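Undergrad: Could you have a look at this structure, given as structure tokens, before my questions?
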Amino acid sequence: MKLQGNVIGVDCSGLAPALYYADRGIMLPRIKSGDYIEAIIDICKKEEVSLLVPTIDTELLILAENAERIEALTGAKVLISDIDVIRICRNKKETQIFMEENGFLMPKMYSEQDLKEKDVPYPLFLKPIDGSSSINAFKVNNKKELKTYLKLIKNPIVQEYLEGEEYTVDVFLDFHAKIITVVPRIRIATRSGEISKGEIVKDREIMDDVIRLMNVLKPIGHITVQCKKTEKGIAYIEINPRFGGGAPMSIMAGADSCENLYRLLLGEQLEYNEEYRDRVTFLRFDSCIMLNERMELEHDKSSNL
């Protein structure tokens, strides 16, 4: 697509590398500062922003709470699901309840009372109720480890540990929660909670079950679903209602969520399709940029190394 426009990158740190790849990089106050939403509104007005795309978990709830106000004052579309969807996805106990009530398989959750009074089977899996990026997420092999990890984590959720091949599924839905693409990939390797090596696999069982989930949950935009193929069936780990770090894999395979967003903004009607490549493998790696004495991006010379 040949479009004219700019990408505005924002962050609370001037050392965020993405700022230097954007057409413009702008500093924002921290989310909990009290000035975050006003700063977003001000930037959207000044830069004539058409679409606001969140990329981190911690901003999802505050943007969902203020989406209507941002859109009314700026004319920018906020790529955020309904606040009830965000609340379900950002609280792992709420996710558990929603999934079980709607007939989706989840690892069994154990209450504090269960852990005290019952001989629960090990291994278990423990993580913060509102965590992200696998921070403070642990496989627990015995009571001693459980006791240690429970001291480290505030508001944990404790679940059974399910064996099985782990998948990430990128889903793109239009602004009315109509499903456009569903792209499963095997998590071959991960680092810091993000996929580092993955293979796109058009697994029909996973695709059909994720479609069933999306039709019940009804999010919008790019959604990242994590699940495992187990002996019991497709078991869900979590749902992230935003672009995930591995999204470029699906985009490069042909399920281009970014192009889809442009088309939606231009008023096009999109239809469900599976026109992306199957059995392609992606390997992610770190790169490096250099800022000069004026904190400006120097020419990338990595290709000469």
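Identifiers in the structure tokens: chain A, B, ... in order shown; residue index from 1 per chain; ligand index from 1 in order shown.
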Enumerate the residues of range 81-188 of chain A with a DSSP assignment of alpha helix (DSSP H), computed from the backbone, and present them as a ChimeraX atom specification.

TA: /A:83-90,92-101,112-117,143-152

Undergrad: What lies within 12 Å of Lys32 in chain A using only C-alpha atoms, ignoring chain neighbours under 4 positions off, as JSON, numbers by chain?

TA: {"A": [12, 28, 36, 37, 58, 59, 61, 62]}

Undergrad: Can you pull out the residues contacting Glu165 in chain A? Cut-off 10 Å, using only C-alpha atoms, and skip same-chain residues under 4 positions away; I want them as a list of chain:residue names.

TA: A:Ile186, A:Arg187, A:Ile188, A:Cys227, A:Lys228, A:Lys229, A:Thr230, A:Ile234

Undergrad: Any chance you could export the current selection's N, CA and C atoms as an mmCIF file, in the first residue's frame?

TA:
data_model
loop_
_atom_site.group_PDB
_atom_site.id
_atom_site.type_symbol
_atom_site.label_atom_id
_atom_site.label_comp_id
_atom_site.auth_asym_id
_atom_site.auth_seq_id
_atom_site.Cartn_x
_atom_site.Cartn_y
_atom_site.Cartn_z
ATOM 1 N N ILE A 186 4.171 -22.447 16.717
ATOM 2 C CA ILE A 186 4.787 -23.210 17.798
ATOM 3 C C ILE A 186 5.859 -22.343 18.463
ATOM 4 N N ARG A 187 5.855 -22.335 19.782
ATOM 5 C CA ARG A 187 6.882 -21.603 20.532
ATOM 6 C C ARG A 187 8.105 -22.518 20.686
ATOM 7 N N ILE A 188 8.993 -22.458 19.721
ATOM 8 C CA ILE A 188 10.178 -23.314 19.744
ATOM 9 C C ILE A 188 11.112 -22.916 20.876
ATOM 10 N N CYS A 227 -1.542 -20.886 24.324
ATOM 11 C CA CYS A 227 -2.225 -22.130 24.661
ATOM 12 C C CYS A 227 -1.267 -23.312 24.508
ATOM 13 N N LYS A 228 -1.728 -24.478 24.962
ATOM 14 C CA LYS A 228 -0.968 -25.713 24.808
ATOM 15 C C LYS A 228 -1.873 -26.796 24.234
ATOM 16 N N LYS A 229 -1.293 -27.653 23.409
ATOM 17 C CA LYS A 229 -1.991 -28.843 22.968
ATOM 18 C C LYS A 229 -1.664 -29.951 23.968
ATOM 19 N N THR A 230 -2.681 -30.384 24.721
ATOM 20 C CA THR A 230 -2.473 -31.370 25.772
ATOM 21 C C THR A 230 -3.303 -32.624 25.491
ATOM 22 N N ILE A 234 -7.139 -28.493 23.789
ATOM 23 C CA ILE A 234 -6.493 -27.175 23.745
ATOM 24 C C ILE A 234 -6.710 -26.479 25.082
#

Undergrad: Report as a list of chain:residue names all protein, DNA and RNA residues lying within 12 Å of Glu94 in chain A, evaluated on only C-alpha atoms, omitting residues in the same chain fewer than 5 positions from it.

TA: A:Asp84, A:Val85, A:Ile86, A:Arg87, A:Ile88, A:Cys89, A:Met99, A:Glu100, A:Glu101, A:Met109, A:Ile129, A:Asp130, A:Ile157, A:Glu238, A:Ile239

Undergrad: Give the answer as one residue: which of A:Ile153, A:Leu265, A:Met207, A:Met252 has the shortest atom-to-atom distance to Thr168 in chain A, using only C-alpha atoms?

TA: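 Once distances to Thr168 in chain A are computed over only C-alpha atoms, the minimum belongs to A:Met207.
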
Undergrad: Could you give me the residues within range 58-256 of chain A that DSSP places in strand (DSSP E or B), as an NGL selection string?

TA: :A and (77-78 or 105 or 109-110 or 124-128 or 138-140 or 156-160 or 165-173 or 179-191 or 194-200 or 221-230 or 233-240)

Undergrad: Which residues are near Ala22 in chain A? Cut-off 7 Å, only C-alpha atoms, ignore same chain within fewer than 5 positions. Put them as a tab-separated table (two decimals) with all heavy atoms, in the first residue's frame.

TA:
chain	number	residue	atom	x	y	z
A	7	VAL	N	4.53	7.87	11.69
A	7	VAL	CA	4.41	7.06	12.90
A	7	VAL	C	5.03	7.85	14.05
A	7	VAL	O	6.20	8.25	13.99
A	7	VAL	CB	5.12	5.71	12.75
A	7	VAL	CG1	5.10	4.95	14.07
A	7	VAL	CG2	4.47	4.89	11.65
A	8	ILE	N	4.23	8.10	15.08
A	8	ILE	CA	4.69	8.82	16.26
A	8	ILE	C	4.96	7.78	17.35
A	8	ILE	O	4.07	7.04	17.76
A	8	ILE	CB	3.63	9.82	16.77
A	8	ILE	CG1	3.11	10.69	15.61
A	8	ILE	CG2	4.20	10.67	17.90
A	8	ILE	CD1	4.15	11.52	14.94
A	9	GLY	N	6.20	7.71	17.80
A	9	GLY	CA	6.56	6.80	18.88
A	9	GLY	C	6.60	7.55	20.20
A	9	GLY	O	7.14	8.66	20.27

Undergrad: So which residues touch Ser13 in chain A within 9 Å, counting only C-alpha atoms, skipping near sequence neighbours fewer than 2 positions away, as a list in words?

TA: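 Listed by chain and then number, they are Val10, Asp11, Leu15, Ala16, Met27, Leu28 and Pro29 of chain A.
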
Undergrad: So which one's closest to Lys144 in chain A, A:Gly75, A:Pro123, A:Gly131, A:Gly103? Using only C-alpha atoms, please.

TA: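 Between A:Gly75, A:Pro123, A:Gly131, A:Gly103, the residue approaching Lys144 in chain A most closely is A:Pro123.
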
Undergrad: Range 68-73 of chain A: which residues within 10 Å, counting only C-alpha atoms, same-chain residues fewer than 6 positions away excluded, as a PyMOL selection string?

TA: chain A and resi 37-38+40-42+44-45+50-52

Undergrad: Have a look at A:Ile223, A:Leu150, A:Val280, A:Leu266 and name the one nearest to Pro241 in chain A; count only C-alpha atoms.

TA: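 The closest residue to Pro241 in chain A is A:Ile223.
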
Undergrad: Dump as a Markdown table the rows for residues of range 155-264 of chain A within 12 Å of range 285-289 of chain A: closest atom pair and distance in Å with one decimal, only C-alpha atoms counted, ordered by chain and rising residue number.

TA:
| residue | atom | partner | partner_atom | distance |
| --- | --- | --- | --- | --- |
| A:Ala189 | CA | A:Phe285 | CA | 11.9 |
| A:Thr190 | CA | A:Phe285 | CA | 11.4 |
| A:Arg191 | CA | A:Phe285 | CA | 10.4 |
| A:Glu194 | CA | A:Phe285 | CA | 11.6 |
| A:Ile195 | CA | A:Phe285 | CA | 10.6 |
| A:Ser196 | CA | A:Phe285 | CA | 7.3 |
| A:Lys197 | CA | A:Phe285 | CA | 9.2 |
| A:Gly245 | CA | A:Phe285 | CA | 11.9 |
| A:Gly246 | CA | A:Phe285 | CA | 11.5 |

Undergrad: Write out, as a Markdown table, each residue of range 63-152 of chain A that has an atom at most 12 Å from range 258-263 of chain A, together with the closest pair of atoms and their distance in Å to one decimal, counting only C-alpha atoms, rows going by chain and rising number.

TA:
| residue | atom | partner | partner_atom | distance |
| --- | --- | --- | --- | --- |
| A:Lys77 | CA | A:Leu261 | CA | 10.7 |
| A:Val78 | CA | A:Leu261 | CA | 11.6 |
| A:Leu79 | CA | A:Leu261 | CA | 9.4 |

Undergrad: Grab the CA of Lys92 in chain A to CA of Asp203 in chain A distance for me, in Å with one decimal place.

TA: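 About the pair CA of Lys92 in chain A and CA of Asp203 in chain A: they are 25.7 Å apart.
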